[in-house]
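As provided, model.cif (mmCIF, C-alpha atoms and all ligand atoms) reads as follows.
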data_run
loop_
_atom_site.label_atom_id
_atom_site.label_comp_id
_atom_site.auth_asym_id
_atom_site.auth_seq_id
_atom_site.Cartn_x
_atom_site.Cartn_y
_atom_site.Cartn_z
CA MET A 184 -39.22 6.51 -15.39
CA VAL A 185 -40.27 9.83 -13.78
CA SER A 186 -40.97 12.67 -16.21
CA PRO A 187 -39.21 16.05 -15.65
CA SER A 188 -42.53 17.80 -14.91
CA SER A 189 -43.55 15.29 -12.21
CA ARG A 190 -40.01 15.50 -10.74
CA LYS A 191 -40.45 19.28 -10.56
CA SER A 192 -43.81 18.99 -8.80
CA MET A 193 -42.39 16.38 -6.36
CA LEU A 194 -39.58 18.76 -5.52
CA LYS A 195 -42.07 21.61 -5.02
CA GLU A 196 -44.14 19.41 -2.69
CA ARG A 197 -41.05 18.46 -0.68
CA VAL A 198 -40.05 22.10 -0.27
CA MET A 199 -43.59 23.04 0.80
CA ASP A 200 -43.61 20.13 3.30
CA LEU A 201 -40.31 21.31 4.70
CA VAL A 202 -41.59 24.86 5.10
CA THR A 203 -44.98 23.95 6.62
CA GLN A 204 -44.05 20.91 8.71
CA THR A 205 -40.81 22.19 10.21
CA THR A 206 -40.08 25.31 12.23
CA ILE A 207 -38.90 27.37 9.25
CA LEU A 208 -42.13 29.38 8.85
CA PRO A 209 -42.58 30.30 12.53
CA LEU A 210 -38.87 31.09 12.69
CA LEU A 211 -39.15 33.36 9.64
CA PHE A 212 -42.16 35.21 11.05
CA GLY A 213 -40.44 35.45 14.43
CA CYS A 214 -37.34 37.06 12.88
CA LEU A 215 -39.50 39.47 10.86
CA GLY A 216 -41.44 40.40 14.00
CA ILE A 217 -38.29 41.04 16.01
CA PHE A 218 -36.82 43.11 13.17
CA SER A 219 -40.01 45.23 12.85
CA LEU A 220 -40.16 45.73 16.62
CA PHE A 221 -36.51 46.77 16.62
CA ARG A 222 -37.22 49.32 13.84
CA VAL A 223 -40.24 50.74 15.70
CA LEU A 224 -38.27 51.05 18.96
CA GLN A 225 -35.39 52.69 17.09
CA ARG A 226 -37.79 55.23 15.54
CA ILE A 227 -39.35 56.03 18.93
CA ARG A 228 -35.92 56.43 20.54
CA SER A 229 -34.69 58.59 17.69
CA ARG A 230 -37.77 60.87 17.85
CA ALA A 231 -37.40 61.28 21.61
CA TYR A 232 -33.70 62.10 21.16
CA LEU A 233 -34.43 64.96 18.73
CA ARG A 234 -37.62 66.35 20.33
CA ASN A 235 -36.82 69.58 22.26
CA ALA A 236 -33.07 69.05 21.68
CA VAL A 237 -31.09 72.29 21.29
CA VAL A 238 -29.57 72.00 17.81
CA VAL A 239 -27.05 74.45 16.32
CA VAL A 240 -26.78 74.48 12.52
CA THR A 241 -23.94 76.39 10.85
CA GLY A 242 -24.39 77.45 7.24
CA ALA A 243 -28.16 77.58 7.75
CA THR A 244 -28.62 80.32 5.15
CA SER A 245 -28.44 78.08 2.13
CA GLY A 246 -28.45 74.58 0.62
CA LEU A 247 -28.06 71.60 2.97
CA GLY A 248 -27.91 73.74 6.13
CA ARG A 249 -31.24 75.42 5.39
CA GLU A 250 -32.86 72.03 4.75
CA CYS A 251 -31.32 70.61 7.94
CA ALA A 252 -32.88 73.53 9.82
CA ARG A 253 -36.27 72.66 8.33
CA VAL A 254 -36.17 68.92 9.10
CA PHE A 255 -34.74 69.32 12.63
CA HIS A 256 -37.38 71.99 13.34
CA ALA A 257 -40.11 69.65 12.10
CA ALA A 258 -38.68 66.93 14.38
CA GLY A 259 -39.24 69.24 17.37
CA ALA A 260 -35.70 70.59 17.89
CA LYS A 261 -35.00 74.04 19.33
CA LEU A 262 -32.72 75.70 16.80
CA VAL A 263 -29.83 78.13 16.78
CA LEU A 264 -29.19 79.07 13.15
CA CYS A 265 -25.77 80.38 12.11
CA GLY A 266 -24.38 81.98 8.96
CA ARG A 267 -23.08 85.31 7.71
CA ASN A 268 -26.10 86.45 5.74
CA VAL A 269 -28.38 88.12 8.31
CA GLU A 270 -31.31 88.60 5.92
CA ALA A 271 -31.33 84.95 4.84
CA LEU A 272 -31.19 83.84 8.51
CA GLU A 273 -34.07 86.13 9.46
CA GLU A 274 -36.16 84.95 6.50
CA LEU A 275 -35.67 81.30 7.54
CA THR A 276 -36.44 82.15 11.18
CA ARG A 277 -39.73 83.79 10.14
CA GLU A 278 -40.64 80.74 8.06
CA LEU A 279 -39.89 78.27 10.87
CA ALA A 280 -41.44 80.37 13.62
CA GLY A 281 -44.70 80.27 11.66
CA SER A 282 -44.69 76.50 11.25
CA SER A 283 -45.41 73.93 13.95
CA THR A 284 -43.30 70.89 14.64
CA SER A 285 -44.66 67.39 13.99
CA GLN A 286 -45.82 67.36 17.65
CA GLY A 287 -47.67 70.67 17.19
CA GLN A 288 -45.13 72.73 19.19
CA LYS A 289 -43.82 76.09 18.04
CA HIS A 290 -40.14 76.76 18.67
CA LYS A 291 -38.85 80.10 17.41
CA PRO A 292 -35.22 79.69 16.32
CA TYR A 293 -32.44 82.01 17.47
CA THR A 294 -29.93 83.35 14.98
CA VAL A 295 -26.22 83.98 15.49
CA THR A 296 -24.09 85.55 12.75
CA PHE A 297 -20.35 85.08 12.48
CA ASP A 298 -17.65 84.35 9.93
CA LEU A 299 -16.01 80.96 10.45
CA ALA A 300 -12.78 82.29 8.95
CA ASP A 301 -12.45 84.82 11.81
CA PRO A 302 -11.27 83.12 15.07
CA GLY A 303 -12.41 86.07 17.24
CA ALA A 304 -15.87 86.02 15.65
CA VAL A 305 -16.13 82.24 16.19
CA ALA A 306 -15.33 82.63 19.91
CA ALA A 307 -17.89 85.44 20.27
CA GLY A 308 -20.42 83.40 18.21
CA ALA A 309 -19.95 80.37 20.49
CA ALA A 310 -20.58 82.51 23.60
CA GLU A 311 -23.74 83.92 21.98
CA ILE A 312 -24.91 80.40 21.01
CA LEU A 313 -24.58 79.26 24.64
CA GLN A 314 -26.63 82.24 25.81
CA CYS A 315 -29.60 81.26 23.59
CA PHE A 316 -30.78 78.23 25.61
CA GLY A 317 -27.96 77.88 28.15
CA TYR A 318 -26.66 74.67 26.57
CA VAL A 319 -26.28 72.83 23.25
CA ASP A 320 -27.33 69.23 22.65
CA ILE A 321 -26.34 68.85 19.00
CA LEU A 322 -23.89 70.93 16.97
CA ILE A 323 -24.11 70.45 13.20
CA ASN A 324 -20.92 71.77 11.59
CA ASN A 325 -22.37 72.17 8.12
CA ALA A 326 -21.05 75.50 6.74
CA GLY A 327 -18.39 75.17 4.10
CA VAL A 328 -16.88 76.48 0.91
CA SER A 329 -15.67 74.59 -2.12
CA TYR A 330 -12.73 75.22 -4.43
CA ARG A 331 -11.96 74.77 -8.12
CA GLY A 332 -8.41 75.04 -9.48
CA ALA A 333 -5.09 73.51 -10.38
CA ILE A 334 -2.53 73.21 -7.59
CA SER A 335 0.17 74.83 -9.73
CA ASP A 336 -1.98 77.96 -10.30
CA THR A 337 -3.37 78.33 -6.78
CA VAL A 338 -1.96 80.89 -4.35
CA VAL A 339 -1.38 79.48 -0.85
CA ASP A 340 -3.73 82.10 0.64
CA VAL A 341 -6.59 80.27 -1.10
CA ASP A 342 -5.58 76.94 0.51
CA ARG A 343 -5.45 78.73 3.86
CA ARG A 344 -8.86 80.36 3.40
CA VAL A 345 -10.55 77.05 2.53
CA MET A 346 -8.88 75.42 5.55
CA GLU A 347 -10.00 78.30 7.81
CA ILE A 348 -13.66 77.96 6.79
CA ASN A 349 -13.93 74.17 6.40
CA TYR A 350 -11.50 73.00 9.08
CA PHE A 351 -10.23 75.55 11.64
CA GLY A 352 -13.62 77.30 11.97
CA PRO A 353 -15.58 74.12 12.83
CA VAL A 354 -12.70 72.91 15.05
CA ALA A 355 -12.71 76.22 16.99
CA LEU A 356 -16.51 76.24 17.33
CA THR A 357 -16.52 72.61 18.49
CA LYS A 358 -13.78 73.29 21.06
CA ALA A 359 -15.66 76.35 22.35
CA LEU A 360 -18.91 74.41 22.87
CA LEU A 361 -17.38 71.14 24.05
CA PRO A 362 -16.67 72.08 27.72
CA SER A 363 -20.37 72.79 28.36
CA MET A 364 -21.26 69.41 26.81
CA VAL A 365 -18.62 67.59 28.87
CA LYS A 366 -19.93 69.29 32.02
CA ARG A 367 -23.42 67.95 31.28
CA LYS A 368 -22.03 64.57 30.13
CA ARG A 369 -24.29 64.96 27.14
CA GLY A 370 -23.78 66.21 23.59
CA HIS A 371 -23.50 65.32 19.94
CA ILE A 372 -21.12 66.83 17.40
CA VAL A 373 -21.89 66.37 13.72
CA ALA A 374 -19.46 67.17 10.90
CA ILE A 375 -20.78 67.48 7.37
CA SER A 376 -17.74 66.36 5.47
CA SER A 377 -17.84 65.07 1.88
CA ILE A 378 -16.99 61.96 -0.10
CA GLN A 379 -13.96 64.10 -0.98
CA GLY A 380 -12.92 63.72 2.65
CA LYS A 381 -12.37 60.03 1.89
CA ILE A 382 -10.96 60.23 -1.66
CA SER A 383 -9.29 63.14 -3.46
CA ILE A 384 -10.23 64.10 -6.99
CA PRO A 385 -8.16 66.38 -9.25
CA PHE A 386 -8.64 70.17 -9.19
CA ARG A 387 -10.27 70.08 -5.73
CA SER A 388 -7.04 69.94 -3.65
CA ALA A 389 -7.83 72.58 -1.00
CA TYR A 390 -11.43 71.38 -0.53
CA SER A 391 -10.50 67.71 -0.40
CA ALA A 392 -7.62 68.40 2.01
CA SER A 393 -9.92 70.37 4.32
CA LYS A 394 -12.46 67.53 4.34
CA HIS A 395 -9.77 64.86 4.92
CA ALA A 396 -8.60 66.95 7.89
CA THR A 397 -12.22 67.21 9.10
CA GLN A 398 -12.63 63.44 8.94
CA ALA A 399 -9.40 62.88 10.87
CA PHE A 400 -10.15 65.46 13.57
CA PHE A 401 -13.68 64.25 14.27
CA ASP A 402 -12.58 60.58 14.25
CA CYS A 403 -10.07 61.48 17.01
CA LEU A 404 -12.73 63.48 18.84
CA ARG A 405 -15.11 60.49 18.81
CA ALA A 406 -12.54 58.29 20.51
CA GLU A 407 -11.51 60.93 23.06
CA MET A 408 -15.06 61.94 23.97
CA LYS A 409 -16.52 58.46 24.38
CA GLN A 410 -15.85 58.51 28.13
CA ASP A 411 -17.78 61.80 28.44
CA ASN A 412 -20.81 60.44 26.62
CA ILE A 413 -20.36 62.80 23.65
CA GLU A 414 -21.45 61.37 20.30
CA VAL A 415 -19.63 62.22 17.07
CA THR A 416 -21.11 61.70 13.61
CA VAL A 417 -19.20 62.35 10.39
CA ILE A 418 -21.39 62.51 7.29
CA SER A 419 -19.84 62.28 3.81
CA PRO A 420 -22.31 63.15 1.06
CA GLY A 421 -21.74 62.98 -2.69
CA TYR A 422 -23.02 65.73 -5.00
CA ILE A 423 -25.96 67.78 -3.71
CA TYR A 424 -27.87 70.29 -5.83
CA THR A 425 -26.90 73.49 -3.95
CA ASN A 426 -24.95 76.71 -4.54
CA LEU A 427 -21.69 75.10 -3.35
CA SER A 428 -19.98 75.28 -6.76
CA VAL A 429 -21.37 78.78 -7.43
CA ASN A 430 -19.83 80.00 -4.14
CA ALA A 431 -16.58 78.04 -4.62
CA VAL A 432 -13.25 79.90 -4.60
CA THR A 433 -10.86 79.57 -7.53
CA ALA A 434 -7.06 79.55 -7.86
CA ASP A 435 -6.79 83.35 -7.49
CA GLY A 436 -9.39 83.60 -4.73
CA SER A 437 -12.22 84.87 -6.94
CA ARG A 438 -15.70 83.30 -6.90
CA TYR A 439 -16.24 80.41 -9.34
CA GLY A 440 -19.78 81.62 -9.99
CA ALA A 441 -21.08 78.67 -12.03
CA LEU A 442 -23.28 75.69 -11.30
CA ASP A 443 -21.30 72.53 -12.10
CA LYS A 444 -22.95 69.76 -14.12
CA ASN A 445 -22.24 67.22 -11.35
CA THR A 446 -23.69 69.51 -8.68
CA ALA A 447 -26.78 70.20 -10.79
CA GLN A 448 -27.29 66.45 -11.13
CA GLY A 449 -26.78 65.89 -7.40
CA ARG A 450 -29.35 64.83 -4.82
CA SER A 451 -31.86 67.33 -3.52
CA PRO A 452 -30.69 69.00 -0.28
CA ALA A 453 -34.08 68.24 1.33
CA GLU A 454 -33.53 64.51 0.75
CA VAL A 455 -29.96 64.62 2.11
CA ALA A 456 -31.18 66.58 5.16
CA GLN A 457 -33.60 63.72 5.93
CA ASP A 458 -30.65 61.31 5.82
CA VAL A 459 -28.69 63.61 8.15
CA LEU A 460 -31.65 63.66 10.57
CA ALA A 461 -31.88 59.86 10.49
CA ALA A 462 -28.13 59.43 11.02
CA VAL A 463 -28.11 61.84 13.99
CA GLY A 464 -31.26 60.28 15.49
CA LYS A 465 -29.64 56.84 15.31
CA LYS A 466 -26.32 58.25 16.64
CA LYS A 467 -24.45 56.83 13.65
CA LYS A 468 -20.70 57.31 13.73
CA ASP A 469 -19.67 57.52 10.08
CA VAL A 470 -22.06 57.76 7.16
CA ILE A 471 -21.40 57.85 3.41
CA LEU A 472 -24.31 59.27 1.39
CA THR A 473 -23.40 58.60 -2.23
CA ASP A 474 -24.24 56.47 -5.25
CA LEU A 475 -22.55 53.10 -5.63
CA LEU A 476 -19.64 54.30 -7.82
CA PRO A 477 -18.10 56.87 -5.42
CA PHE A 478 -18.81 54.47 -2.56
CA MET A 479 -16.81 51.75 -4.34
CA ALA A 480 -14.04 54.25 -5.15
CA VAL A 481 -13.41 54.63 -1.38
CA TYR A 482 -12.69 50.89 -1.18
CA LEU A 483 -10.71 50.91 -4.44
CA ARG A 484 -8.44 53.62 -2.94
CA THR A 485 -7.68 51.27 -0.03
CA LEU A 486 -7.62 47.88 -1.74
CA ALA A 487 -6.08 48.77 -5.11
CA PRO A 488 -4.51 52.24 -4.77
CA GLY A 489 -2.52 51.85 -8.01
CA VAL A 490 -5.71 51.44 -10.05
CA PHE A 491 -7.37 54.36 -8.25
CA PHE A 492 -4.38 56.66 -8.92
CA ARG A 493 -4.37 55.72 -12.63
CA ILE A 494 -8.10 56.52 -12.92
CA MET A 495 -7.59 59.90 -11.19
CA ALA A 496 -4.60 60.76 -13.42
CA SER A 497 -6.65 59.99 -16.50
CA ARG A 498 -9.50 62.13 -15.15
CA ALA A 499 -7.07 65.01 -14.54
CA ARG A 500 -5.70 64.69 -18.11
CA LYS A 501 -9.20 64.72 -19.60
CA GLU A 502 -10.33 67.72 -17.52
CA GLN A 503 -7.17 69.64 -18.42
CA LYS A 504 -7.66 68.85 -22.11
CA SER A 505 -11.29 70.00 -22.09
CA LYS A 506 -10.25 73.24 -20.29
CA ASN A 507 -7.56 73.94 -22.90
CA SER A 508 -9.81 73.22 -25.88
N1 LIG B 601 -23.25 70.52 -2.50
C1 LIG B 601 -22.53 69.43 -2.56
O1 LIG B 601 -22.39 68.82 -3.64
C2 LIG B 601 -21.86 68.90 -1.32
C3 LIG B 601 -21.33 67.60 -1.36
C4 LIG B 601 -20.70 67.10 -0.23
C5 LIG B 601 -20.61 67.87 0.91
N2 LIG B 601 -21.13 69.14 0.92
C6 LIG B 601 -20.96 69.93 2.15
O2 LIG B 601 -22.22 70.38 2.60
C7 LIG B 601 -22.04 71.56 3.38
C8 LIG B 601 -23.08 72.60 2.98
O3 LIG B 601 -22.81 73.06 1.67
P1 LIG B 601 -23.96 73.38 0.61
O4 LIG B 601 -23.82 72.39 -0.47
O5 LIG B 601 -25.25 73.55 1.27
O6 LIG B 601 -23.41 74.76 0.02
P2 LIG B 601 -24.00 76.27 0.05
O7 LIG B 601 -25.39 76.28 -0.43
O8 LIG B 601 -22.99 77.12 -0.65
O9 LIG B 601 -24.00 76.62 1.62
C9 LIG B 601 -22.82 76.88 2.30
C10 LIG B 601 -23.16 77.50 3.66
O10 LIG B 601 -21.94 77.74 4.36
C11 LIG B 601 -21.97 79.06 4.89
N3 LIG B 601 -20.64 79.65 4.88
C12 LIG B 601 -19.77 79.73 3.83
N4 LIG B 601 -18.67 80.39 4.19
C13 LIG B 601 -18.82 80.75 5.49
C14 LIG B 601 -18.04 81.44 6.43
N5 LIG B 601 -16.84 81.96 6.10
N6 LIG B 601 -18.52 81.62 7.67
C15 LIG B 601 -19.72 81.15 8.04
N7 LIG B 601 -20.53 80.47 7.20
C16 LIG B 601 -20.09 80.28 5.94
C17 LIG B 601 -22.89 79.85 3.99
O11 LIG B 601 -23.52 80.85 4.77
P3 LIG B 601 -23.36 82.43 4.47
O12 LIG B 601 -23.38 82.61 3.00
O13 LIG B 601 -24.52 83.06 5.21
O14 LIG B 601 -22.08 82.80 5.06
C18 LIG B 601 -23.90 78.82 3.54
O15 LIG B 601 -25.00 78.80 4.41
C19 LIG B 601 -20.59 72.00 3.16
O16 LIG B 601 -19.80 71.65 4.26
C20 LIG B 601 -20.15 71.20 1.94
O17 LIG B 601 -18.78 70.97 1.92
C21 LIG B 601 -21.76 69.65 -0.15
#

I'd like the structure from this file rewritten - as structure tokens, please.
Ligand SMILES: NC(=O)c1ccc[n+]([C@@H]2O[C@H](COP(=O)([O-])OP(=O)(O)OC[C@H]3O[C@@H](n4cnc5c(N)ncnc54)[C@H](OP(=O)(O)O)[C@@H]3O)[C@@H](O)[C@H]2O)c1
Amino acid sequence: MVSPSSRKSMLKERVMDLVTQTTILPLLFGCLGIFSLFRVLQRIRSRAYLRNAVVVVTGATSGLGRECARVFHAAGAKLVLCGRNVEALEELTRELAGSSTSQGQKHKPYTVTFDLADPGAVAAGAAEILQCFGYVDILINNAGVSYRGAISDTVVDVDRRVMEINYFGPVALTKALLPSMVKRKRGHIVAISSIQGKISIPFRSAYSASKHATQAFFDCLRAEMKQDNIEVTVISPGYIYTNLSVNAVTADGSRYGALDKNTAQGRSPAEVAQDVLAAVGKKKKDVILTDLLPFMAVYLRTLAPGVFFRIMASRARKEQKSKNS
């Protein structure tokens, strides 16, 4: 009769024999080696892709855009920074001009100011952007505005304004810069969307609609531009700790002016900017940058829409109740 402890040690011995006497160990080390080599090569390729690339960042005056400017500058990119706030753009330019890239180079960024809600200004801004370095390698459509309000209280002009800034502005800028990319058979368009471009949550209708439209447009663009060697990356972050809610528009068009609890608990923009840099460097096509719960909600919306709609209706009821109390 074999005791349980000796049976355990016999089993251990057998497993060890299997590992040492067969090809499992060399195979394991081989796989690990190939994986590490692949990662190193990917990092080298990604660094080379970003070094000296001409990168345009919209909404560079604040939040995620400002941090993207910092990380792309550090990666050796030549920047064109866009926004409406001239002083904030100049302040960032001074900061970056004084700091070297990770390869010790010093690239002084250019600045271009225009309002994305003004089609004429976007066209003039695009022409000015092209004059900076003569071409654009990577366009990061980051600028955006959020919205807080109930559909029944919101004037249509507010829906239009959010669509102008978040959707038509980036679409117009992309279309204006695209021909020069197609001519060079080289370019990369990035859209900073939101998890709300994949699922809609109550009291964010205009924002969510503008981000759903963004997702759809840039998905089409990716397919159409493949033959011209133009990359398209759509990035959908969850909450980021920025001024987005403070600058959000409300049902009557006024500024929301408050920092939401969810936004305050969001990820740091510097951290998200690093993820954007990695996604662009690896030429990723579609990236979700959220916690597990919102990530799973995207799948719930597809696989069990009824459940998702019930959860959203309950959320709307609760939010309405807390507003009324
Ligand atoms: N914060 C979040 O929780 C979160 C989550 C998911 C996705 N996002 C997305 O991330 C992007 C960046 O937002 P953020 O969080 O960094 O917010 P933010 O701090 O408020 O920055 C928004 C930027 O957009 C620019 N902008 C706004 N309206 C503009 C207009 N009419 N014309 C030109 N530029 C305009 C602003 O520049 P000026 O003030 O100089 O005009 C500012 O630089 C947005 O697309 C947003 O939808 C944010």

**Q.** Who sits within 8 Å of Asn349 (chain A), all atoms listed in the file, same chain under 2 positions skipped, as a ChimeraX atom specification
**A.** /A:326-328,345-347,351-353,390,393-394,397

Quick one: write out the picked residues with C-alpha atoms as a CSV table (one decimal), in the coordinates of the input?
chain,number,residue,atom,x,y,z
A,326,ALA,CA,-21.0,75.5,6.7
A,327,GLY,CA,-18.4,75.2,4.1
A,328,VAL,CA,-16.9,76.5,0.9
A,345,VAL,CA,-10.6,77.0,2.5
A,346,MET,CA,-8.9,75.4,5.6
A,347,GLU,CA,-10.0,78.3,7.8
A,351,PHE,CA,-10.2,75.6,11.6
A,352,GLY,CA,-13.6,77.3,12.0
A,353,PRO,CA,-15.6,74.1,12.8
A,390,TYR,CA,-11.4,71.4,-0.5
A,393,SER,CA,-9.9,70.4,4.3
A,394,LYS,CA,-12.5,67.5,4.3
A,397,THR,CA,-12.2,67.2,9.1

Q: Using all atoms listed in the file, determine which residues fall within 6 Å of ligand LIG 601 (chain B), then list them as a PyMOL selection string.
A: chain A and resi 242-248+266-268+297-300+325-328+348+375-377+420-427+430+446

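Between CA of Ser388 (chain A) and CA of Leu322 (chain A) the interatomic distance comes to 26.6 Å.
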
Test item: residues at most 12 Å from Gly464 (chain A), only C-alpha atoms, excluding those fewer than 6 positions along its chain, as a PDB file with C-alpha atoms, in the frame of the given file:
ATOM      1  CA  GLN A 225     -35.390  52.690  17.090  1.00  0.00           C
ATOM      2  CA  ARG A 226     -37.790  55.230  15.540  1.00  0.00           C
ATOM      3  CA  ILE A 227     -39.350  56.030  18.930  1.00  0.00           C
ATOM      4  CA  ARG A 228     -35.920  56.430  20.540  1.00  0.00           C
ATOM      5  CA  SER A 229     -34.690  58.590  17.690  1.00  0.00           C
ATOM      6  CA  ARG A 230     -37.770  60.870  17.850  1.00  0.00           C
ATOM      7  CA  ALA A 231     -37.400  61.280  21.610  1.00  0.00           C
ATOM      8  CA  TYR A 232     -33.700  62.100  21.160  1.00  0.00           C
ATOM      9  CA  LEU A 233     -34.430  64.960  18.730  1.00  0.00           C
ATOM     10  CA  ARG A 234     -37.620  66.350  20.330  1.00  0.00           C
ATOM     11  CA  ALA A 236     -33.070  69.050  21.680  1.00  0.00           C
ATOM     12  CA  VAL A 254     -36.170  68.920   9.100  1.00  0.00           C
ATOM     13  CA  PHE A 255     -34.740  69.320  12.630  1.00  0.00           C
ATOM     14  CA  ALA A 258     -38.680  66.930  14.380  1.00  0.00           C
ATOM     15  CA  ALA A 260     -35.700  70.590  17.890  1.00  0.00           C
ATOM     16  CA  ILE A 321     -26.340  68.850  19.000  1.00  0.00           C
ATOM     17  CA  HIS A 371     -23.500  65.320  19.940  1.00  0.00           C
ATOM     18  CA  VAL A 373     -21.890  66.370  13.720  1.00  0.00           C
ATOM     19  CA  GLU A 414     -21.450  61.370  20.300  1.00  0.00           C
ATOM     20  CA  VAL A 415     -19.630  62.220  17.070  1.00  0.00           C
ATOM     21  CA  THR A 416     -21.110  61.700  13.610  1.00  0.00           C
ATOM     22  CA  GLN A 457     -33.600  63.720   5.930  1.00  0.00           C
ATOM     23  CA  ASP A 458     -30.650  61.310   5.820  1.00  0.00           C
TER      24      ASP A 458
END

Q: With a distance cut-off of 6 Å and all atoms listed in the file, select the neighbouring residues of Gly370 (chain A), excluding the residue or stretch itself and same-chain residues fewer than 6 positions from it, and output the selection as a ChimeraX atom specification.
A: /A:320-321,364,413

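Remark: for Arg500 (chain A), the closest of the candidate residues A:Phe316, A:Phe218, A:Phe386, A:Tyr293 is A:Phe386 (distances computed over all atoms listed in the file).
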
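CA of Arg190 (chain A) to CA of Leu210 (chain A) spans 28.2 Å [interatomic distance, one decimal].
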
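Going from CA of Ile471 (chain A) to CA of Val240 (chain A) covers 19.7 Å.
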
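Distances from A:Ala257, A:Ala431, A:Ala441, A:Ala389 to Ala333 (chain A) were compared using all atoms listed in the file, and the smallest one belongs to A:Ala389.
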
Q | Contacts of Ala496 (chain A) at 12 Å (all atoms listed in the file; same-chain gap of 6+ positions) as number ranges by chain | A | A: 383-386, 489-490, 502-503

Writer output for current selection, C-alpha atoms, as a CSV table (one decimal), in the coordinates of the input:
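File written: result-v1.csv
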chain,number,residue,atom,x,y,z
A,383,SER,CA,-9.3,63.1,-3.5
A,384,ILE,CA,-10.2,64.1,-7.0
A,385,PRO,CA,-8.2,66.4,-9.2
A,386,PHE,CA,-8.6,70.2,-9.2
A,489,GLY,CA,-2.5,51.8,-8.0
A,490,VAL,CA,-5.7,51.4,-10.0
A,502,GLU,CA,-10.3,67.7,-17.5
A,503,GLN,CA,-7.2,69.6,-18.4

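Ranking A:Lys444, A:Pro477, A:Met408, A:Val354 by their shortest atom-to-atom distance to Gln379 (chain A), with all atoms listed in the file included, puts A:Pro477 first.
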
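Ranking A:Ala499, A:Met479, A:Leu220, A:Cys315 by their shortest atom-to-atom distance to Val263 (chain A), with all atoms listed in the file included, puts A:Cys315 first.
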
Q | Spatial neighbours of Asp435 (chain A), 12 Å, only C-alpha atoms, chain gap at least 5 places, as a ChimeraX atom specification | A | /A:330-342,344

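Of the listed residues (A:Lys467, A:Leu194, A:Lys289, A:Leu361), A:Leu361 comes nearest to Glu407 (chain A); the distances count all atoms listed in the file.
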
Q: Rank nothing, just name the residue among A:Thr294, A:Ala480, A:Asp469, A:Arg253 nearest to Glu270 (chain A), using all atoms listed in the file.
A: A:Thr294

Incomplete region 213-224 of chain A brought to N, CA and C atoms, written out as a JSON list (two decimals), in the frame of the given file:
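Generated file (part-v1.json):
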[["chain", "number", "residue", "atom", "x", "y", "z"],
["A", 213, "GLY", "N", -41.02, 34.97, 13.17],
["A", 213, "GLY", "CA", -40.44, 35.45, 14.43],
["A", 213, "GLY", "C", -39.35, 36.48, 14.17],
["A", 214, "CYS", "N", -38.46, 36.14, 13.22],
["A", 214, "CYS", "CA", -37.34, 37.06, 12.88],
["A", 214, "CYS", "C", -37.89, 38.38, 12.34],
["A", 215, "LEU", "N", -38.90, 38.26, 11.44],
["A", 215, "LEU", "CA", -39.50, 39.47, 10.86],
["A", 215, "LEU", "C", -40.12, 40.34, 11.94],
["A", 216, "GLY", "N", -40.80, 39.69, 12.89],
["A", 216, "GLY", "CA", -41.44, 40.40, 14.00],
["A", 216, "GLY", "C", -40.42, 41.13, 14.84],
["A", 217, "ILE", "N", -39.34, 40.42, 15.17],
["A", 217, "ILE", "CA", -38.29, 41.04, 16.01],
["A", 217, "ILE", "C", -37.67, 42.22, 15.28],
["A", 218, "PHE", "N", -37.42, 42.04, 13.97],
["A", 218, "PHE", "CA", -36.82, 43.11, 13.17],
["A", 218, "PHE", "C", -37.74, 44.34, 13.13],
["A", 219, "SER", "N", -39.06, 44.10, 12.91],
["A", 219, "SER", "CA", -40.01, 45.23, 12.85],
["A", 219, "SER", "C", -40.08, 45.93, 14.19],
["A", 220, "LEU", "N", -40.10, 45.16, 15.28],
["A", 220, "LEU", "CA", -40.16, 45.73, 16.62],
["A", 220, "LEU", "C", -38.92, 46.58, 16.88],
["A", 221, "PHE", "N", -37.78, 46.05, 16.46],
["A", 221, "PHE", "CA", -36.51, 46.77, 16.62],
["A", 221, "PHE", "C", -36.57, 48.11, 15.89],
["A", 222, "ARG", "N", -37.11, 48.08, 14.65],
["A", 222, "ARG", "CA", -37.22, 49.32, 13.84],
["A", 222, "ARG", "C", -38.14, 50.33, 14.52],
["A", 223, "VAL", "N", -39.27, 49.84, 15.04],
["A", 223, "VAL", "CA", -40.24, 50.74, 15.70],
["A", 223, "VAL", "C", -39.59, 51.38, 16.94],
["A", 224, "LEU", "N", -38.92, 50.53, 17.74],
["A", 224, "LEU", "CA", -38.27, 51.05, 18.96],
["A", 224, "LEU", "C", -37.20, 52.07, 18.61]]
